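Asks: Next up is a structure, given as structure tokens.
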Amino acid sequence: MTTGRIMPNGVRSRAFLGLSAALFVACSGAPAPSSSVAPSTAPSRVADIVVGGDRPVTVHVPASYEPGTPAPLLILLHAYGSTGSGHDRYFHVGAAAAERGFLYAYPDGTTDTSGNRFWSATDACCDFDRTGVNDVAYLDSLITAIQAVLAVDPKRIDLIGHSSGGFMTYRMACTHADRIAAIASLAGATFANPADCGPSGPVAVLQIHGTADDTIAYDGGTIQGLGSGRSMSSYPGAEKTVATWARYDGCGDPAVVDERVDVDADISVAGNPAEAAVTRWSGCQPGGAVELWTIPNGGHVPNISAAFPDAVLDFLEAHPKP
């Protein structure tokens, strides 16, 4: 199938990303994975609100919210070809976020000429039509709009993203380290050239990646766009991504710690459902933290486990701005 071909030497075409998105939609449109996860949207005592201008977003307000008392904000960024609501169903973080008092939103990216929604994050991903859409400005203004109507804790603004959305979490951390406290990226990557990212301060970074990901490769690769003006752009692997951010955050040496995290409900290690190995950097500057969760033989679209939402939120909550 030419529209979904795997290019040589780690190269992935835009159509291949779209194929992965179609597979994701097929998965996320089905009932929740084998994990027993509660519905994402929890009841709210204060009515949910809609902000965002030409890309309106519903902000889900937890039942515990008290007007005037700052609450943490979590923004979820979907993968290429998906939607905010689709990835809300996939990640299942909404209910856990509400229980912890997070304001929660999942905006949509822009639709490209292939009909796929994307985030314009780095040179590699994923504005393949070169529209020049400024998603950094959009998300920055979205945060400001939410702050205008709800009490947001400025030290606890967090992002979680998958694939294109993961790339976008890194872009926001690069450009708005003054606002973003922590990010969690599943199968995303930072800029290939560290000089393209100049964070003004530390940001806590969690990278989650499967070693058998054949869409955004664990070891890095190249994404090729389509059309007459197609170009190829490189992205760094998971280990290089976190090593780069460890330098930005002023961290010391990494260490594989004696703990594992259950990310993919379909994978276990020696009978242990907690399969993802944890590498953690020490001695980071205040506000900085870097972890890599490596899923052995994990693909691009893990079967998200029941433990995943709380594990990720534990990381985000542990790293507010100083």
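Following the order of the structure tokens, first chain is A, next is B, and so on, with residues numbered from 1 inside each chain and ligands from 1 in the order they appear.
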If you run DSSP on the backbone here, which positions in segment 38-135 of chain A get strand (DSSP E or B)? Please write them as an mmCIF file with C-alpha atoms, in the first residue's frame.

Replies:
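Below is the file that was written, states_37.cif:
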```cif
data_model
loop_
_atom_site.group_PDB
_atom_site.id
_atom_site.type_symbol
_atom_site.label_atom_id
_atom_site.label_comp_id
_atom_site.auth_asym_id
_atom_site.auth_seq_id
_atom_site.Cartn_x
_atom_site.Cartn_y
_atom_site.Cartn_z
ATOM 1 C CA ILE A 49 -16.817 26.680 30.205
ATOM 2 C CA VAL A 50 -15.936 27.161 26.541
ATOM 3 C CA VAL A 51 -12.988 29.329 25.470
ATOM 4 C CA VAL A 57 -12.361 24.337 23.773
ATOM 5 C CA THR A 58 -14.430 23.080 26.680
ATOM 6 C CA VAL A 59 -12.602 23.411 29.984
ATOM 7 C CA HIS A 60 -13.776 20.750 32.416
ATOM 8 C CA ALA A 71 -6.315 25.071 40.630
ATOM 9 C CA PRO A 72 -3.807 23.203 38.444
ATOM 10 C CA LEU A 73 -4.436 23.124 34.686
ATOM 11 C CA LEU A 74 -3.871 20.095 32.448
ATOM 12 C CA ILE A 75 -4.029 20.401 28.646
ATOM 13 C CA LEU A 76 -4.040 17.252 26.487
ATOM 14 C CA LEU A 77 -2.684 17.450 22.912
ATOM 15 C CA LEU A 103 -8.931 22.023 35.354
ATOM 16 C CA TYR A 104 -8.767 19.991 32.150
ATOM 17 C CA ALA A 105 -8.965 20.787 28.431
ATOM 18 C CA THR A 110 -5.614 22.460 12.604
ATOM 19 C CA THR A 111 -6.903 20.261 9.747
ATOM 20 C CA ARG A 117 -5.622 17.392 12.464
ATOM 21 C CA PHE A 118 -2.066 18.270 13.483
#
```

Asks: Name the residues of segment 54-266 of chain A that fall into alpha helix (DSSP H) according to DSSP on the backbone, using the chain letters and numbers of this document, as a PyMOL selection string.

Replies: chain A and resi 84-91+94-99+135-149+164-175+238-248

Asks: May I have the selected residues written with N, CA and C atoms, as a compact mmCIF listing (two decimals), in the first residue's frame?

Replies:
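Dumped to out39.txt:
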```txt
# COMPACT_ATOMS: atom_id res chain seq x y z
N GLY A 84 -9.04 16.08 19.98
CA GLY A 84 -8.93 16.19 21.42
C GLY A 84 -9.82 15.20 22.14
N SER A 85 -11.08 15.11 21.71
CA SER A 85 -12.01 14.20 22.37
C SER A 85 -11.60 12.74 22.16
N GLY A 86 -11.05 12.43 20.98
CA GLY A 86 -10.59 11.07 20.73
C GLY A 86 -9.48 10.68 21.67
N HIS A 87 -8.56 11.59 21.90
CA HIS A 87 -7.44 11.27 22.79
C HIS A 87 -7.83 11.35 24.25
N ASP A 88 -8.84 12.13 24.57
CA ASP A 88 -9.37 12.07 25.93
C ASP A 88 -9.87 10.66 26.23
N ARG A 89 -10.55 10.05 25.28
CA ARG A 89 -11.03 8.68 25.48
C ARG A 89 -9.86 7.68 25.51
N TYR A 90 -8.81 7.98 24.75
CA TYR A 90 -7.67 7.07 24.69
C TYR A 90 -6.83 7.11 25.97
N PHE A 91 -6.50 8.30 26.43
CA PHE A 91 -5.64 8.43 27.61
C PHE A 91 -6.37 8.17 28.93
N GLY A 94 -9.06 12.10 32.26
CA GLY A 94 -10.01 13.10 32.72
C GLY A 94 -10.53 12.86 34.12
N ALA A 95 -10.96 11.62 34.40
CA ALA A 95 -11.53 11.32 35.71
C ALA A 95 -10.47 11.47 36.81
N ALA A 96 -9.27 10.95 36.55
CA ALA A 96 -8.20 11.06 37.54
C ALA A 96 -7.80 12.51 37.76
N ALA A 97 -7.78 13.30 36.68
CA ALA A 97 -7.45 14.72 36.80
C ALA A 97 -8.49 15.44 37.63
N ALA A 98 -9.77 15.12 37.41
CA ALA A 98 -10.84 15.76 38.18
C ALA A 98 -10.74 15.41 39.66
N GLU A 99 -10.43 14.16 39.96
CA GLU A 99 -10.29 13.74 41.34
C GLU A 99 -9.16 14.49 42.05
N ASP A 135 0.78 27.43 16.41
CA ASP A 135 0.13 26.74 17.52
C ASP A 135 0.71 27.14 18.87
N VAL A 136 1.93 27.64 18.88
CA VAL A 136 2.48 28.17 20.13
C VAL A 136 1.64 29.35 20.60
N ALA A 137 1.36 30.27 19.68
CA ALA A 137 0.53 31.43 20.04
C ALA A 137 -0.88 31.00 20.42
N TYR A 138 -1.42 30.00 19.69
CA TYR A 138 -2.77 29.53 20.00
C TYR A 138 -2.85 28.97 21.41
N LEU A 139 -1.92 28.08 21.76
CA LEU A 139 -1.98 27.47 23.08
C LEU A 139 -1.67 28.47 24.18
N ASP A 140 -0.75 29.39 23.90
CA ASP A 140 -0.46 30.44 24.88
C ASP A 140 -1.70 31.29 25.14
N SER A 141 -2.41 31.65 24.06
CA SER A 141 -3.62 32.46 24.22
C SER A 141 -4.73 31.65 24.88
N LEU A 142 -4.76 30.34 24.62
CA LEU A 142 -5.76 29.49 25.27
C LEU A 142 -5.55 29.48 26.78
N ILE A 143 -4.31 29.34 27.21
CA ILE A 143 -4.02 29.37 28.64
C ILE A 143 -4.44 30.70 29.24
N THR A 144 -4.12 31.79 28.54
CA THR A 144 -4.50 33.12 29.02
C THR A 144 -6.01 33.25 29.12
N ALA A 145 -6.73 32.72 28.11
CA ALA A 145 -8.20 32.80 28.12
C ALA A 145 -8.79 32.02 29.29
N ILE A 146 -8.21 30.87 29.59
CA ILE A 146 -8.69 30.08 30.73
C ILE A 146 -8.42 30.83 32.04
N GLN A 147 -7.24 31.44 32.13
CA GLN A 147 -6.90 32.19 33.34
C GLN A 147 -7.82 33.40 33.54
N ALA A 148 -8.39 33.90 32.45
CA ALA A 148 -9.25 35.08 32.55
C ALA A 148 -10.60 34.76 33.19
N VAL A 149 -11.00 33.49 33.16
CA VAL A 149 -12.33 33.14 33.68
C VAL A 149 -12.29 32.14 34.82
N SER A 164 2.30 13.66 17.50
CA SER A 164 2.34 15.09 17.16
C SER A 164 2.09 15.95 18.39
N GLY A 165 1.16 15.51 19.24
CA GLY A 165 0.90 16.25 20.48
C GLY A 165 2.08 16.20 21.43
N GLY A 166 2.82 15.09 21.42
CA GLY A 166 4.03 15.01 22.22
C GLY A 166 5.10 15.97 21.74
N PHE A 167 5.28 16.05 20.40
CA PHE A 167 6.18 17.05 19.83
C PHE A 167 5.78 18.45 20.30
N MET A 168 4.46 18.70 20.33
CA MET A 168 3.97 20.03 20.68
C MET A 168 4.21 20.35 22.15
N THR A 169 4.17 19.35 23.02
CA THR A 169 4.48 19.63 24.43
C THR A 169 5.91 20.12 24.56
N TYR A 170 6.82 19.51 23.80
CA TYR A 170 8.22 19.96 23.84
C TYR A 170 8.36 21.37 23.27
N ARG A 171 7.63 21.66 22.20
CA ARG A 171 7.71 23.00 21.62
C ARG A 171 7.26 24.05 22.63
N MET A 172 6.18 23.76 23.35
CA MET A 172 5.70 24.71 24.36
C MET A 172 6.70 24.84 25.50
N ALA A 173 7.33 23.74 25.88
CA ALA A 173 8.34 23.81 26.93
C ALA A 173 9.54 24.63 26.47
N CYS A 174 9.90 24.52 25.20
CA CYS A 174 11.00 25.32 24.65
C CYS A 174 10.67 26.81 24.69
N THR A 175 9.46 27.15 24.25
CA THR A 175 9.10 28.55 24.03
C THR A 175 8.51 29.20 25.26
N ALA A 238 14.21 8.87 21.62
CA ALA A 238 13.75 9.11 22.99
C ALA A 238 14.91 9.40 23.93
N GLU A 239 15.98 8.64 23.83
CA GLU A 239 17.10 8.82 24.74
C GLU A 239 17.82 10.15 24.49
N LYS A 240 17.96 10.51 23.23
CA LYS A 240 18.59 11.80 22.92
C LYS A 240 17.70 12.96 23.36
N THR A 241 16.39 12.80 23.19
CA THR A 241 15.45 13.84 23.61
C THR A 241 15.59 14.14 25.09
N VAL A 242 15.58 13.11 25.92
CA VAL A 242 15.65 13.35 27.36
C VAL A 242 17.05 13.80 27.79
N ALA A 243 18.09 13.31 27.10
CA ALA A 243 19.44 13.77 27.42
C ALA A 243 19.59 15.26 27.13
N THR A 244 18.98 15.71 26.04
CA THR A 244 19.00 17.14 25.72
C THR A 244 18.31 17.95 26.79
N TRP A 245 17.14 17.48 27.24
CA TRP A 245 16.42 18.22 28.27
C TRP A 245 17.10 18.13 29.63
N ALA A 246 17.84 17.07 29.88
CA ALA A 246 18.61 17.00 31.11
C ALA A 246 19.67 18.10 31.14
N ARG A 247 20.24 18.41 29.97
CA ARG A 247 21.19 19.52 29.90
C ARG A 247 20.48 20.85 30.12
N TYR A 248 19.33 21.04 29.47
CA TYR A 248 18.57 22.28 29.69
C TYR A 248 18.23 22.47 31.17
```

Asks: Which of these residues is nearest to Thr294 of chain A, using only C-alpha atoms: A:Gln207, A:Gln224, A:Ser282, A:Ser234?

Replies: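 Counting only C-alpha atoms, the residue closest to Thr294 of chain A is A:Gln207.
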
Asks: Which residues are close to Ala187 of chain A, i.e. within 9 Å by only C-alpha atoms, leaving aside same-chain residues fewer than 2 positions away? Reply as a VMD selection string.

Replies: chain A and resid 161 to 167 185 189 207 to 210 213 215 to 218 238 300 to 301

Asks: So, counting only C-alpha atoms, which residue among A:Met232, A:Ala195, A:Val61, A:Ala255 is closest to Ala124 of chain A?

Replies: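 Closest candidate: A:Met232.
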
Asks: Could you check how far atom CA of Gly109 of chain A sits from atom CA of Asp123 of chain A, in Å to one decimal?

Replies: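 Interatomic distance, atom CA of Gly109 of chain A to atom CA of Asp123 of chain A: 16.3 Å.
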
Asks: Using only C-alpha atoms, find the one residue out of A:Ala289, A:Ala265, A:Ile183, A:Val257 that sits nearest to Ser305 of chain A.

Replies: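 The shortest atom-to-atom distance to Ser305 of chain A comes from A:Ala265.
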